[in-house]
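Source file: entry_8.cif (mmCIF, C-alpha atoms)
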data_structure
loop_
_atom_site.label_atom_id
_atom_site.label_comp_id
_atom_site.auth_asym_id
_atom_site.auth_seq_id
_atom_site.Cartn_x
_atom_site.Cartn_y
_atom_site.Cartn_z
CA MET G 31 0.00 0.00 0.00
CA GLN G 32 1.41 3.36 -1.04
CA LYS G 33 1.53 5.63 1.97
CA VAL G 34 1.21 9.40 1.98
CA ARG G 35 2.83 11.40 4.76
CA LEU G 36 1.02 14.63 5.55
CA LYS G 37 2.53 17.60 7.29
CA TRP G 38 1.26 18.37 10.76
CA VAL G 39 -1.42 21.06 10.91
CA LYS G 40 -2.17 22.90 14.13
CA ASN G 41 -5.78 22.92 15.33
CA ARG G 42 -6.55 25.76 17.73
CA GLY G 43 -9.94 24.40 18.75
CA LEU G 44 -8.61 21.01 19.83
CA ASP G 45 -5.58 22.64 21.46
CA HIS G 46 -7.94 24.71 23.58
CA LEU G 47 -9.89 21.59 24.57
CA ILE G 48 -6.65 19.93 25.63
CA GLU G 49 -5.71 22.95 27.74
CA ARG G 50 -9.18 22.96 29.30
CA THR G 51 -9.10 19.23 30.05
CA THR G 52 -5.62 19.56 31.55
CA SER G 53 -6.93 22.14 34.02
CA ILE G 54 -9.91 19.93 34.87
CA ARG G 55 -7.59 16.97 35.34
CA ALA G 56 -5.35 18.90 37.76
CA SER G 57 -8.34 20.15 39.75
CA CYS G 58 -10.00 16.72 40.01
CA LEU G 59 -6.78 15.02 41.09
CA LEU G 60 -6.08 17.74 43.66
CA LEU G 61 -9.61 17.50 45.02
CA ASP G 62 -9.26 13.75 45.31
CA HIS G 63 -5.86 14.08 46.99
CA LEU G 64 -7.02 16.64 49.57
CA ALA G 65 -10.19 14.68 50.33
CA ARG G 66 -8.21 11.55 51.18
CA LEU G 67 -5.78 13.20 53.58
CA PRO G 68 -6.28 11.96 57.17
CA THR G 69 -6.07 15.42 58.71
CA SER G 70 -8.83 18.03 58.57
CA SER G 71 -6.37 20.90 59.02
CA PRO G 72 -5.46 23.10 56.04
CA VAL G 73 -2.71 21.60 53.92
CA PRO G 74 0.44 23.70 53.34
CA ALA G 75 0.93 24.54 49.68
CA ARG G 76 4.61 23.62 49.83
CA SER G 77 3.67 19.99 50.59
CA LEU G 78 1.73 19.95 47.30
CA ALA G 79 4.48 21.54 45.21
CA ARG G 80 5.92 18.14 44.26
CA LEU G 81 2.65 17.31 42.49
CA GLN G 82 3.12 19.91 39.76
CA LYS G 83 4.64 17.46 37.27
CA PRO G 84 2.25 14.53 37.92
CA LEU G 85 -0.69 16.93 37.61
CA GLY G 86 0.57 18.19 34.25
CA LEU G 87 0.58 21.81 35.39
CA THR G 88 2.66 24.44 33.62
CA VAL G 89 2.40 26.81 36.61
CA PRO G 90 3.36 26.26 40.27
CA VAL G 91 0.76 24.47 42.37
CA LEU G 92 0.41 27.47 44.71
CA ARG G 93 -0.51 29.75 41.83
CA PHE G 94 -3.01 27.19 40.52
CA LEU G 95 -4.67 26.88 43.94
CA ARG G 96 -4.99 30.64 44.37
CA ARG G 97 -6.38 30.99 40.86
CA HIS G 98 -9.40 28.84 41.78
CA PRO G 99 -10.66 30.00 45.20
CA THR G 100 -14.10 28.47 44.56
CA LEU G 101 -12.50 25.00 44.75
CA PHE G 102 -9.60 25.54 47.15
CA ALA G 103 -10.13 27.82 50.14
CA GLU G 104 -6.96 29.50 51.43
CA GLN G 105 -6.79 29.53 55.20
CA PRO G 106 -4.11 30.35 57.78
CA HIS G 107 -2.15 27.40 59.08
CA PRO G 108 -2.98 26.64 62.76
CA ARG G 109 0.70 26.72 63.77
CA PHE G 110 2.29 28.94 61.12
CA PRO G 111 -0.13 31.74 60.14
CA THR G 112 2.10 33.06 57.34
CA LEU G 113 2.34 29.65 55.62
CA PRO G 114 -0.08 29.44 52.62
CA SER G 115 -2.47 26.57 53.33
CA PHE G 116 -5.59 25.29 51.63
CA SER G 117 -8.67 23.20 52.30
CA LEU G 118 -11.67 22.15 50.26
CA SER G 119 -14.46 24.65 49.69
CA PRO G 120 -18.15 23.72 50.25
CA ALA G 121 -18.61 23.43 46.49
CA SER G 122 -15.73 20.96 46.31
CA HIS G 123 -17.46 18.51 48.65
CA THR G 124 -20.57 18.60 46.47
CA LEU G 125 -18.55 18.01 43.33
CA LEU G 126 -16.58 15.15 44.88
CA ALA G 127 -19.79 13.31 45.71
CA ARG G 128 -21.08 13.76 42.16
CA LEU G 129 -17.77 12.68 40.64
CA ALA G 130 -17.74 9.51 42.72
CA ASP G 131 -21.31 8.68 41.74
CA ALA G 132 -20.69 9.21 38.01
CA SER G 133 -17.42 7.25 38.09
CA ALA G 134 -18.98 4.22 39.79
CA ARG G 135 -21.40 3.52 36.95
CA ASP G 136 -19.20 1.72 34.41
CA ALA G 137 -15.56 2.34 35.35
CA HIS G 138 -14.96 -1.41 35.78
CA LEU G 139 -16.13 -2.02 32.20
CA ARG G 140 -13.62 0.47 30.78
CA LEU G 141 -10.82 -1.17 32.77
CA ALA G 142 -11.96 -4.63 31.63
CA ARG G 143 -11.87 -3.54 27.99
CA LEU G 144 -8.40 -2.07 28.48
CA LEU G 145 -7.16 -5.38 29.91
CA LEU G 146 -8.78 -7.29 27.05
CA LEU G 147 -6.73 -5.21 24.61
CA THR G 148 -3.47 -6.49 26.14
CA ARG G 149 -1.69 -9.71 25.24
CA SER G 150 -1.75 -11.19 28.76
CA ARG G 151 -5.01 -9.63 29.96
CA SER G 152 -3.05 -7.96 32.73
CA LEU G 153 -1.15 -4.73 33.33
CA PRO G 154 1.19 -3.36 35.99
CA LEU G 155 -0.62 -1.00 38.32
CA ALA G 156 2.05 1.59 37.54
CA SER G 157 0.89 1.54 33.90
CA VAL G 158 -2.78 1.95 34.78
CA LEU G 159 -2.40 4.76 37.33
CA PRO G 160 -1.51 7.46 34.71
CA LEU G 161 -4.80 6.57 32.97
CA ARG G 162 -6.94 6.81 36.11
CA PHE G 163 -8.37 10.22 35.22
CA ASP G 164 -8.74 9.35 31.52
CA LEU G 165 -10.67 6.15 32.26
CA GLY G 166 -12.59 7.63 35.18
CA LEU G 167 -11.31 5.06 37.68
CA PRO G 168 -11.71 5.61 41.44
CA PHE G 169 -8.51 6.12 43.43
CA ASN G 170 -8.92 2.71 45.13
CA PHE G 171 -9.80 0.71 42.01
CA ALA G 172 -6.99 -1.80 42.69
CA ALA G 173 -8.74 -2.87 45.90
CA ALA G 174 -12.37 -2.03 45.11
CA PHE G 175 -12.73 -3.84 41.77
CA PRO G 176 -11.41 -7.27 42.91
CA ALA G 177 -13.63 -6.99 45.99
CA SER G 178 -16.79 -6.05 44.09
CA HIS G 179 -16.08 -8.38 41.13
CA PRO G 180 -14.06 -11.28 42.64
CA GLY G 181 -14.39 -13.56 39.63
CA VAL G 182 -13.42 -10.86 37.14
CA PHE G 183 -10.46 -8.89 38.54
CA ALA G 184 -7.47 -9.91 40.62
CA VAL G 185 -4.40 -8.07 41.87
CA ALA G 186 -1.11 -9.87 42.49
CA ASN G 187 2.53 -8.79 42.34
CA ASN G 188 1.50 -5.19 41.61
CA ARG G 189 -0.40 -6.27 38.50
CA ILE G 190 -4.14 -6.18 37.87
CA SER G 191 -5.52 -9.04 35.79
CA LEU G 192 -8.80 -9.93 34.10
CA LEU G 193 -9.65 -13.45 35.24
CA SER G 194 -12.85 -13.93 33.30
CA ALA G 195 -15.36 -11.96 31.26
CA SER G 196 -18.27 -14.17 32.27
CA GLY G 197 -19.81 -11.58 34.56
CA LEU G 198 -19.49 -8.77 32.03
CA PRO G 199 -21.77 -7.72 29.12
CA GLU G 200 -21.73 -9.96 26.03
CA ASP G 201 -20.33 -7.17 23.82
CA ILE G 202 -17.41 -6.45 26.15
CA ALA G 203 -14.95 -7.65 23.46
CA VAL G 204 -16.67 -5.88 20.56
CA SER G 205 -14.96 -2.71 19.38
CA SER G 206 -16.78 0.60 19.14
CA LEU G 207 -16.32 0.53 15.36
CA GLN G 208 -18.01 -2.88 15.15
CA ARG G 209 -20.88 -1.80 17.40
CA ARG G 210 -21.40 1.34 15.33
CA HIS G 211 -21.35 -0.68 12.11
CA ALA G 212 -23.88 -3.16 13.48
CA ALA G 213 -26.17 -0.31 14.52
CA ALA G 214 -25.80 1.30 11.09
CA ILE G 215 -26.79 -1.94 9.34
CA ASP G 216 -29.94 -2.19 11.43
CA SER G 217 -31.00 1.31 10.37
CA ALA G 218 -29.46 1.41 6.86
CA THR G 219 -31.46 1.78 3.69
CA TYR G 220 -31.12 -0.43 0.63
CA ARG G 221 -29.20 2.30 -1.18
CA ALA G 222 -26.62 2.57 1.62
CA LEU G 223 -26.07 -1.20 1.71
CA SER G 224 -25.65 -1.45 -2.06
CA ARG G 225 -22.69 0.92 -2.28
CA PRO G 226 -19.48 -0.59 -3.68
CA PRO G 227 -16.72 -1.59 -1.25
CA SER G 228 -14.47 1.15 -2.66
CA SER G 229 -16.84 3.79 -1.32
CA SER G 230 -15.72 5.96 1.56
CA SER G 231 -18.69 4.55 3.52
CA ALA G 232 -17.51 0.93 3.19
CA PRO G 233 -18.15 -1.36 6.16
CA LEU G 234 -15.91 -0.75 9.18
CA ALA G 235 -14.32 2.32 7.63
CA PHE G 236 -12.69 4.63 10.16
CA PRO G 237 -14.41 8.02 10.35
CA MET G 238 -12.04 10.53 8.79
CA ARG G 239 -11.85 14.23 9.59
CA PHE G 240 -8.85 15.56 7.76
CA PRO G 241 -7.33 18.98 8.42
CA ARG G 242 -8.63 21.61 6.06
CA GLY G 243 -7.19 21.14 2.58
CA TYR G 244 -6.23 17.47 2.88
CA GLY G 245 -9.50 15.60 2.54
CA GLY G 246 -10.19 16.81 -1.01
CA MET G 247 -6.83 15.73 -2.45
CA LYS G 248 -7.12 12.86 -4.91
CA LYS G 249 -3.94 11.21 -3.70
CA VAL G 250 -5.20 11.19 -0.12
CA LYS G 251 -8.60 9.82 -1.19
CA ALA G 252 -6.99 7.01 -3.17
CA TRP G 253 -4.76 6.13 -0.23
CA MET G 254 -7.67 6.06 2.23
CA ASP G 255 -9.81 3.93 -0.09
CA GLU G 256 -6.99 1.43 -0.34
CA PHE G 257 -6.52 1.53 3.42
CA HIS G 258 -10.23 0.90 4.08
CA ARG G 259 -10.26 -2.08 1.70
CA LEU G 260 -7.81 -3.89 3.95
CA PRO G 261 -9.48 -6.40 6.30
CA TYR G 262 -10.40 -5.04 9.70
CA ILE G 263 -8.84 -6.93 12.61
CA SER G 264 -10.63 -6.35 15.90
CA PRO G 265 -8.24 -5.03 18.56
CA TYR G 266 -9.66 -7.69 20.90
CA ASP G 267 -8.63 -10.54 18.56
CA ASP G 268 -5.30 -12.33 18.70
CA ALA G 269 -2.93 -10.73 16.15
CA SER G 270 0.14 -12.88 16.89
CA GLY G 271 -0.10 -14.60 13.48
CA ILE G 272 0.05 -11.36 11.50
CA ASP G 273 3.32 -10.00 10.12
CA PRO G 274 4.16 -6.87 12.19
CA GLU G 275 5.56 -5.21 9.06
CA SER G 276 2.42 -5.73 6.97
CA ASP G 277 -0.22 -3.16 6.10
CA ILE G 278 -2.86 -5.30 7.80
CA TYR G 279 -0.98 -5.13 11.11
CA GLU G 280 -0.69 -1.36 10.76
CA LYS G 281 -4.45 -1.14 10.29
CA ARG G 282 -4.84 -3.37 13.33
CA ASN G 283 -2.71 -0.89 15.31
CA ILE G 284 -4.85 2.01 14.10
CA GLY G 285 -7.94 0.12 15.24
CA LEU G 286 -6.35 -0.62 18.61
CA LEU G 287 -5.42 3.02 19.23
CA HIS G 288 -8.86 4.09 18.01
CA GLU G 289 -10.46 1.75 20.57
CA LEU G 290 -8.09 2.85 23.35
CA LEU G 291 -8.91 6.53 22.84
CA GLY G 292 -12.59 5.65 22.58
CA LEU G 293 -12.45 4.12 26.07
CA THR G 294 -11.36 7.40 27.63
CA VAL G 295 -13.89 9.87 29.00
CA HIS G 296 -12.57 12.85 27.03
CA LYS G 297 -11.38 10.93 23.93
CA MET G 298 -7.81 12.04 24.52
CA VAL G 299 -4.75 10.69 26.31
CA ARG G 300 -1.15 11.71 26.82
CA ARG G 301 1.42 9.91 24.69
CA ASN G 302 3.55 8.96 27.69
CA ALA G 303 0.61 7.02 29.15
CA ILE G 304 0.34 5.00 25.93
CA ARG G 305 4.08 4.36 25.99
CA LEU G 306 3.70 2.52 29.30
CA LEU G 307 1.26 0.15 27.57
CA ARG G 308 3.20 -0.25 24.32
CA GLU G 309 4.62 -3.75 24.83
CA GLU G 310 1.41 -5.21 26.22
CA LEU G 311 -0.62 -3.74 23.37
CA GLY G 312 1.83 -4.96 20.73
CA LEU G 313 2.53 -1.48 19.36
CA PRO G 314 5.76 -0.67 17.50
CA HIS G 315 8.53 1.16 19.33
CA LYS G 316 7.95 4.39 17.38
CA PHE G 317 4.18 4.32 17.53
CA THR G 318 3.82 8.12 17.34
CA ARG G 319 4.18 7.96 13.56
CA LEU G 320 0.82 6.17 13.46
CA PHE G 321 -0.80 9.35 14.75
CA THR G 322 1.01 11.62 12.31
CA ARG G 323 0.40 9.27 9.37
CA TYR G 324 -3.37 9.22 9.91
CA PRO G 325 -4.35 12.82 10.76
CA GLY G 326 -7.91 12.12 9.68
CA VAL G 327 -8.34 9.83 12.69
CA PHE G 328 -6.03 11.37 15.31
CA TYR G 329 -4.78 14.80 16.24
CA LEU G 330 -1.37 15.10 17.88
CA SER G 331 -0.90 18.18 20.03
CA LEU G 332 2.09 19.70 21.83
CA LYS G 333 -0.05 21.85 24.12
CA CYS G 334 0.72 22.15 27.86
CA LYS G 335 4.35 21.07 27.44
CA THR G 336 3.46 17.48 26.65
CA THR G 337 2.25 15.39 23.72
CA THR G 338 -1.45 14.57 23.71
CA VAL G 339 -3.43 12.47 21.23
CA VAL G 340 -7.08 13.30 20.48
CA LEU G 341 -9.63 11.16 18.66
CA ARG G 342 -10.99 13.59 16.08
CA GLU G 343 -14.39 11.93 15.71
CA GLY G 344 -14.98 12.33 19.45
CA TYR G 345 -15.62 16.08 19.10
CA GLU G 346 -18.03 18.14 17.08
CA ARG G 347 -17.78 21.95 17.26
CA GLY G 348 -15.87 21.90 20.51
CA LYS G 349 -18.13 19.43 22.34
CA LEU G 350 -18.03 15.70 22.93
CA VAL G 351 -20.23 13.83 20.48
CA GLU G 352 -21.12 11.23 23.14
CA GLN G 353 -20.79 12.81 26.55
CA HIS G 354 -20.31 10.41 29.43
CA PRO G 355 -22.07 11.38 32.70
CA LEU G 356 -18.64 11.75 34.30
CA ALA G 357 -17.65 14.29 31.62
CA ALA G 358 -20.81 16.27 32.41
CA VAL G 359 -19.85 16.46 36.10
CA ARG G 360 -16.32 17.48 35.14
CA ASP G 361 -17.85 20.28 33.09
CA LYS G 362 -19.40 21.51 36.34
CA VAL G 363 -15.92 21.40 37.90
CA TYR G 364 -14.72 23.65 35.10
CA TYR G 365 -17.70 25.94 35.62
CA VAL G 366 -16.75 26.33 39.30
CA MET G 367 -13.13 26.94 38.30
CA ARG G 368 -14.09 29.65 35.79
CA THR G 369 -16.40 31.29 38.33
CA GLY G 370 -13.46 31.60 40.71
CA VAL G 371 -11.25 33.08 38.00
CA LEU G 372 -13.85 35.66 36.98
CA TYR G 373 -15.19 36.66 40.41
CA ARG G 374 -12.27 35.72 42.69
CA GLY G 375 -13.36 35.79 46.36
CA LYS G 376 -17.00 36.48 45.49
CA GLY G 377 -17.18 33.41 43.28
CA LEU G 378 -18.82 31.19 45.90
CA SER G 379 -21.84 33.49 46.02
CA LYS G 380 -22.19 33.26 42.22
CA LEU G 381 -22.20 29.45 42.01
CA VAL G 382 -25.24 27.49 40.88
CA LEU G 383 -24.65 23.75 41.18
CA ASP G 384 -28.19 22.55 40.47
CA GLU G 385 -29.04 20.58 37.34
CA ASP G 386 -29.99 23.77 35.51
CA VAL G 387 -26.42 25.01 35.73
CA ALA G 388 -25.93 24.54 31.99
CA GLU G 389 -27.19 28.02 31.22
CA GLU G 390 -24.71 29.67 33.58
CA GLU G 391 -21.91 27.48 32.26
CA GLY G 392 -22.72 28.48 28.71
CA GLU G 393 -22.52 32.16 29.59
CA LEU G 394 -19.08 31.75 31.12
CA ASP G 395 -17.67 29.45 28.46
CA GLY G 396 -19.17 31.44 25.61
CA GLU G 397 -16.94 34.43 26.30
CA GLU G 398 -13.86 32.27 26.40
CA PHE G 399 -14.81 30.22 23.35
CA GLN G 400 -15.25 33.33 21.23
CA GLY G 401 -11.74 34.42 22.04
CA GLU G 402 -10.11 31.02 21.52
CA GLY G 403 -11.87 29.74 18.42
CA MET G 404 -13.56 26.61 19.69
CA ASP G 405 -14.45 25.17 16.29
CA GLU G 406 -12.18 22.14 16.01
CA ASP G 407 -12.26 22.45 12.21
CA ALA G 408 -10.41 25.78 12.36
CA ASP G 409 -7.06 24.36 11.39
CA VAL G 410 -4.11 26.67 10.90
CA GLU G 411 -2.95 26.20 7.32
CA CYS G 412 0.33 28.07 7.58
CA PHE G 413 2.22 24.84 8.40
CA GLY G 414 2.20 23.71 4.76
CA MET G 415 0.01 21.40 2.72
CA ASP G 416 2.49 19.49 0.57
CA ILE G 417 2.31 15.69 0.34
CA LEU G 418 5.30 13.40 0.34
CA ASP G 419 5.40 9.84 -0.94
CA ASP G 420 6.65 7.71 1.89
CA ASP G 421 7.00 4.00 1.21
CA GLY G 422 9.42 3.63 4.08
CA PRO G 423 9.18 4.61 7.74
CA ALA G 424 8.44 8.15 8.79
CA ASP G 425 11.06 10.48 10.21
CA ASP G 426 12.52 9.39 13.53
CA GLU G 427 10.75 10.76 16.55
CA ASP G 428 11.96 11.80 19.94
CA ASP G 429 10.12 9.49 22.27
CA GLU G 430 11.67 11.10 25.32
CA GLY G 431 10.65 14.65 24.60
CA ASP G 432 7.59 14.91 26.85
CA SER G 433 7.87 16.70 30.11
CA ASP G 434 5.50 14.48 32.05
CA GLY G 435 7.88 11.52 32.10
#
Take the structure from the file and write it as structure tokens.
Amino acid sequence: MQKVRLKWVKNRGLDHLIERTTSIRASCLLLDHLARLPTSSPVPARSLARLQKPLGLTVPVLRFLRRHPTLFAEQPHPRFPTLPSFSLSPASHTLLARLADASARDAHLRLARLLLLTRSRSLPLASVLPLRFDLGLPFNFAAAFPASHPGVFAVANNRISLLSASGLPEDIAVSSLQRRHAAAIDSATYRALSRPPSSSSAPLAFPMRFPRGYGGMKKVKAWMDEFHRLPYISPYDDASGIDPESDIYEKRNIGLLHELLGLTVHKMVRRNAIRLLREELGLPHKFTRLFTRYPGVFYLSLKCKTTTVVLREGYERGKLVEQHPLAAVRDKVYYVMRTGVLYRGKGLSKLVLDEDVAEEEGELDGEEFQGEGMDEDADVECFGMDILDDDGPADDEDDEGDSDG
């Protein structure tokens, strides 16, 4: 299969979403951390400074805490009044309860699907922990899941394993692409089913959203038609008998990464988190080129001093196409954060955390979206649009360039 390598095109809308999700991630992890501390006294900010890198923050933790007084209330330390210390605000306790409720609904199913994607149906806990926010897992999942599902999960030697899928839904090992295709067949018309296999709507074709200027190019269309004609290998099937250098195995890898990103709440994940899973997932050493080679499926961003991968089909005009209940609660976290930024100390009196909060959220976010260009199709075309034939591997990448380790 002749491959076409496309130059990277910056997308301001998706970059803004990554920056927004990074702030939500830091707030949720800090809330969870402060809530689990044994003491009820305010926590000194200097004891939280070491969390800046794990939280993915580009600013010091103290500055982040003071920027969001509606979540983190600054109080004098009982022994050292001049030491900046923080505790949870009343709104934070409400949000924590809602986050826990939304996370408990199907978090074990997302973890089970992740384990089914691996070769040994098990992963080191150290590889799963960086994905805890992305998958919506509770902080004690390593103890809670084996206890609540004893025949399904087990933890031993710092690894979590999937023992059996007998207690899980029947479609647990069916990819999102296969489920979508099955649903489309049920509702398809005769005309849709009679289209030739070379059509862009062929069965199990990956949804493509190319950067502006790429999708209409004949060379790109021919390449994608040839790619879609290759057999689809489910990421849950055994691929050990397929040549790792073949085009079919590359399509299998695209399907695996597509499924992995689809499991996440926000349809995005940091590249370093995927690197920890690389061997178990059977990905090549330089897997980043898969993202850059298929920009119609993935968007690779360098925002927030790290490398993040976004599933393009997951967003439509700056919003999730299929919003998980946990994502809706996290939107309320962002609403509380923005209220604190806009109103500072008076923010708590401006909060509305009832179910009709969407209107207030829209007013706050609307101002910001207008300034940032939230349409994810607003690609910046100044990075070049030339196409290069690339029958061999892509340019070497720096797999150690991320700042989040």
What's the 10 Å shell around Ser264 in chain G, counting all atoms listed in the file, without same-chain residues fewer than 4 positions away, as a VMD selection string?
-> chain G and resid 147 203 to 208 268 to 269 281 to 283 285 to 286 289
Pairwise distance for CA of Ile263 in chain G and CA of Glu280 in chain G, rounded to one decimal in Å =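 Pair CA of Ile263 in chain G / CA of Glu280 in chain G returns 10.0 Å.
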On this file, the PyMOL selection byres ((chain G and resi 156) around 12) gives some set of residues; write that set as a PyMOL selection string.
-> chain G and resi 152-155+157-162+172+187-190+303+306-307
Please determine the residues with any atom at most 8 Å from (-6.5, 9.0, 23.6) (coordinates as given in the file, with only C-alpha atoms counting) and report them as a list in words.
->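 Here is the list of nearby residues: Leu287, His288, Leu290, Leu291, Gly292, Thr294, His296, Lys297, Met298, Val299, Arg300, Thr338, Val339, Val340 and Leu341 of chain G.
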Atom pair CA of Ala65 in chain G / CA of His107 in chain G: separation (Å) |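 CA of His107 in chain G lies 17.4 Å from CA of Ala65 in chain G.
Interatomic distance, CA of Pro74 in chain G to CA of Leu60 in chain G: 13.1 Å.
Distance check against Gly86 in chain G using all atoms listed in the file: of G:Val73, G:Cys58, G:Ala212, G:Cys334, the minimum falls on G:Cys334.
The nearest approach to Ala134 in chain G among the residues G:Leu165, G:Leu95, G:Ile272, G:Leu372, with only C-alpha atoms taken into account, belongs to G:Leu165.
With distances taken over all atoms listed in the file, G:Pro72 is the one residue among G:Pro72, G:His123, G:Leu198, G:Ala174 lying closest to Pro111 in chain G.
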Pick out the residues sitting within 6 Å of Glu310 in chain G, and hand them over as a VMD selection string; count only C-alpha atoms, and ignore anything fewer than 2 positions along from it in its own chain.
-> chain G and resid 148 to 149 307 to 308 312
Using only C-alpha atoms, give me every residue within 12 Å of (-6.9, 18.6, 46.3) in file coordinates, as number ranges by chain.
-> G: 54-67, 72-75, 77-79, 81, 85, 91-92, 94-95, 98, 101-103, 115-119, 122-123, 126
Counting all atoms listed in the file, which of G:Leu260, G:Ala213, G:Val327, G:Ala137 gets nearest to Asp277 in chain G?
->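 Of the candidates, the smallest distance to Asp277 in chain G is held by G:Leu260.
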Starting from the incomplete input, reconstruct N, CA, C and O atoms of range 58-72 of chain G and report them as a PDB file, in the coordinates of the input.
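The resulting file, rebuild_2.pdb, is shown below:
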ATOM      1  N   CYS G  58      -9.376  17.950  39.504  1.00  0.00           N
ATOM      2  CA  CYS G  58     -10.000  16.720  40.010  1.00  0.00           C
ATOM      3  C   CYS G  58      -9.016  15.891  40.827  1.00  0.00           C
ATOM      4  O   CYS G  58      -9.374  15.342  41.880  1.00  0.00           O
ATOM      5  N   LEU G  59      -7.773  15.796  40.353  1.00  0.00           N
ATOM      6  CA  LEU G  59      -6.780  15.020  41.090  1.00  0.00           C
ATOM      7  C   LEU G  59      -6.413  15.693  42.410  1.00  0.00           C
ATOM      8  O   LEU G  59      -6.183  15.023  43.425  1.00  0.00           O
ATOM      9  N   LEU G  60      -6.352  17.029  42.417  1.00  0.00           N
ATOM     10  CA  LEU G  60      -6.080  17.740  43.660  1.00  0.00           C
ATOM     11  C   LEU G  60      -7.237  17.597  44.647  1.00  0.00           C
ATOM     12  O   LEU G  60      -7.017  17.409  45.850  1.00  0.00           O
ATOM     13  N   LEU G  61      -8.453  17.690  44.152  1.00  0.00           N
ATOM     14  CA  LEU G  61      -9.610  17.500  45.020  1.00  0.00           C
ATOM     15  C   LEU G  61      -9.596  16.113  45.650  1.00  0.00           C
ATOM     16  O   LEU G  61      -9.830  15.948  46.849  1.00  0.00           O
ATOM     17  N   ASP G  62      -9.299  15.131  44.823  1.00  0.00           N
ATOM     18  CA  ASP G  62      -9.260  13.750  45.310  1.00  0.00           C
ATOM     19  C   ASP G  62      -8.147  13.570  46.339  1.00  0.00           C
ATOM     20  O   ASP G  62      -8.321  12.891  47.355  1.00  0.00           O
ATOM     21  N   HIS G  63      -6.997  14.197  46.074  1.00  0.00           N
ATOM     22  CA  HIS G  63      -5.860  14.080  46.990  1.00  0.00           C
ATOM     23  C   HIS G  63      -6.166  14.731  48.337  1.00  0.00           C
ATOM     24  O   HIS G  63      -5.911  14.137  49.400  1.00  0.00           O
ATOM     25  N   LEU G  64      -6.717  15.933  48.324  1.00  0.00           N
ATOM     26  CA  LEU G  64      -7.020  16.640  49.570  1.00  0.00           C
ATOM     27  C   LEU G  64      -8.127  15.939  50.353  1.00  0.00           C
ATOM     28  O   LEU G  64      -8.105  15.917  51.592  1.00  0.00           O
ATOM     29  N   ALA G  65      -9.081  15.351  49.644  1.00  0.00           N
ATOM     30  CA  ALA G  65     -10.190  14.680  50.330  1.00  0.00           C
ATOM     31  C   ALA G  65      -9.748  13.418  51.047  1.00  0.00           C
ATOM     32  O   ALA G  65     -10.379  13.009  52.022  1.00  0.00           O
ATOM     33  N   ARG G  66      -8.665  12.804  50.593  1.00  0.00           N
ATOM     34  CA  ARG G  66      -8.210  11.550  51.180  1.00  0.00           C
ATOM     35  C   ARG G  66      -7.163  11.729  52.274  1.00  0.00           C
ATOM     36  O   ARG G  66      -6.720  10.752  52.866  1.00  0.00           O
ATOM     37  N   LEU G  67      -6.763  12.968  52.518  1.00  0.00           N
ATOM     38  CA  LEU G  67      -5.780  13.200  53.580  1.00  0.00           C
ATOM     39  C   LEU G  67      -6.413  12.948  54.943  1.00  0.00           C
ATOM     40  O   LEU G  67      -7.573  13.311  55.178  1.00  0.00           O
ATOM     41  N   PRO G  68      -5.686  12.317  55.869  1.00  0.00           N
ATOM     42  CA  PRO G  68      -6.280  11.960  57.170  1.00  0.00           C
ATOM     43  C   PRO G  68      -6.583  13.169  58.043  1.00  0.00           C
ATOM     44  O   PRO G  68      -7.451  13.118  58.905  1.00  0.00           O
ATOM     45  N   THR G  69      -5.878  14.260  57.851  1.00  0.00           N
ATOM     46  CA  THR G  69      -6.070  15.420  58.710  1.00  0.00           C
ATOM     47  C   THR G  69      -7.121  16.356  58.124  1.00  0.00           C
ATOM     48  O   THR G  69      -7.287  16.451  56.899  1.00  0.00           O
ATOM     49  N   SER G  70      -7.829  17.041  58.995  1.00  0.00           N
ATOM     50  CA  SER G  70      -8.830  18.030  58.570  1.00  0.00           C
ATOM     51  C   SER G  70      -8.253  19.442  58.575  1.00  0.00           C
ATOM     52  O   SER G  70      -8.953  20.386  58.204  1.00  0.00           O
ATOM     53  N   SER G  71      -7.013  19.589  58.992  1.00  0.00           N
ATOM     54  CA  SER G  71      -6.370  20.900  59.020  1.00  0.00           C
ATOM     55  C   SER G  71      -6.012  21.333  57.601  1.00  0.00           C
ATOM     56  O   SER G  71      -5.825  20.500  56.715  1.00  0.00           O
ATOM     57  N   PRO G  72      -5.903  22.632  57.351  1.00  0.00           N
ATOM     58  CA  PRO G  72      -5.460  23.100  56.040  1.00  0.00           C
ATOM     59  C   PRO G  72      -4.099  22.531  55.665  1.00  0.00           C
ATOM     60  O   PRO G  72      -3.226  22.366  56.518  1.00  0.00           O
TER      61      PRO G  72
END
